[in-house]
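**Q** I'd like to ask some things about the structure below.
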Amino acid sequence: MDKTRQPKIIIFTSSGCPWCGAVKRYLREKRFRFREVNVSKDPSAARDLARRGHQGVPVVLINNRPIVGFDKPKINRLLGIKR
């Protein structure tokens with residue numbers, strides 16, 4: 001991946017969600033910056049997520065392309081991670 005062009009990554013999470021923590025750890029390990037939106041603390045973000053058709057977390061938006069859950073193969077594909 002071209003390190004000069006950081007993709008826009010937003011992770012919708014909730015407090016106490018183990019898969020949310022796993023996604024965040026993975027992206028930090030791969031040195032990607034992201035913005036976390038905790039829907040359990042932000043009711044408007046929860047409504048926004050529901051409007052997008054998502055009921056659960058984590059939802060990872062990579063350049064506005066949604067990934068539901070910790071789908072490592074899809075995350076890797078969208079971020080160009082080889083392994």
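Letters for chains follow the order of the structure tokens (A, B, ...), residue numbers begin at 1 for each chain, and ligand numbers begin at 1 in the order shown.
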Could you give me, as JSON lines, a per-residue list for stretch 3-27 of chain A showing, wherever an atom lies at most 9 Å from an atom of stretch 42-61 of chain A, the closest pair of atoms and their distance in Å to one decimal, using only C-alpha atoms and sorting by chain then residue number from low to high?

**A**
```
{"residue": "A:Lys8", "atom": "CA", "partner": "A:Leu61", "partner_atom": "CA", "distance": 7.7}
{"residue": "A:Ile9", "atom": "CA", "partner": "A:Leu61", "partner_atom": "CA", "distance": 5.5}
{"residue": "A:Ile10", "atom": "CA", "partner": "A:Leu61", "partner_atom": "CA", "distance": 5.1}
{"residue": "A:Ile11", "atom": "CA", "partner": "A:Val60", "partner_atom": "CA", "distance": 4.5}
{"residue": "A:Phe12", "atom": "CA", "partner": "A:Val59", "partner_atom": "CA", "distance": 5.1}
{"residue": "A:Thr13", "atom": "CA", "partner": "A:Pro58", "partner_atom": "CA", "distance": 5.1}
{"residue": "A:Ser14", "atom": "CA", "partner": "A:Val57", "partner_atom": "CA", "distance": 6.8}
{"residue": "A:Cys17", "atom": "CA", "partner": "A:Val57", "partner_atom": "CA", "distance": 7.7}
{"residue": "A:Trp19", "atom": "CA", "partner": "A:Pro58", "partner_atom": "CA", "distance": 6.7}
{"residue": "A:Cys20", "atom": "CA", "partner": "A:Pro58", "partner_atom": "CA", "distance": 5.2}
{"residue": "A:Gly21", "atom": "CA", "partner": "A:Pro58", "partner_atom": "CA", "distance": 8.9}
{"residue": "A:Val23", "atom": "CA", "partner": "A:Pro58", "partner_atom": "CA", "distance": 7.8}
```

**Q** Identify, on the basis of only C-alpha atoms, every residue whose closest approach to A:Phe32 does not exceed 9 Å; exclude the query and any residue fewer than 3 positions from it along the same chain; express the result as a VMD selection string.

**A** chain A and resid 6 to 7 9 26 to 29

**Q** With only C-alpha atoms as the atoms that count, which of A:Ala22, A:Ile67, A:Val37, A:Leu79 lies nearest to A:Arg5?

**A**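 Looking at the shortest contact to A:Arg5, the residue is A:Leu79.
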
**Q** What does the distance from atom CA of A:Lys82 to atom CA of A:Asn64 come to in Å, to one decimal?

**A**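 Rounded to one decimal, the two atoms are 21.2 Å apart.
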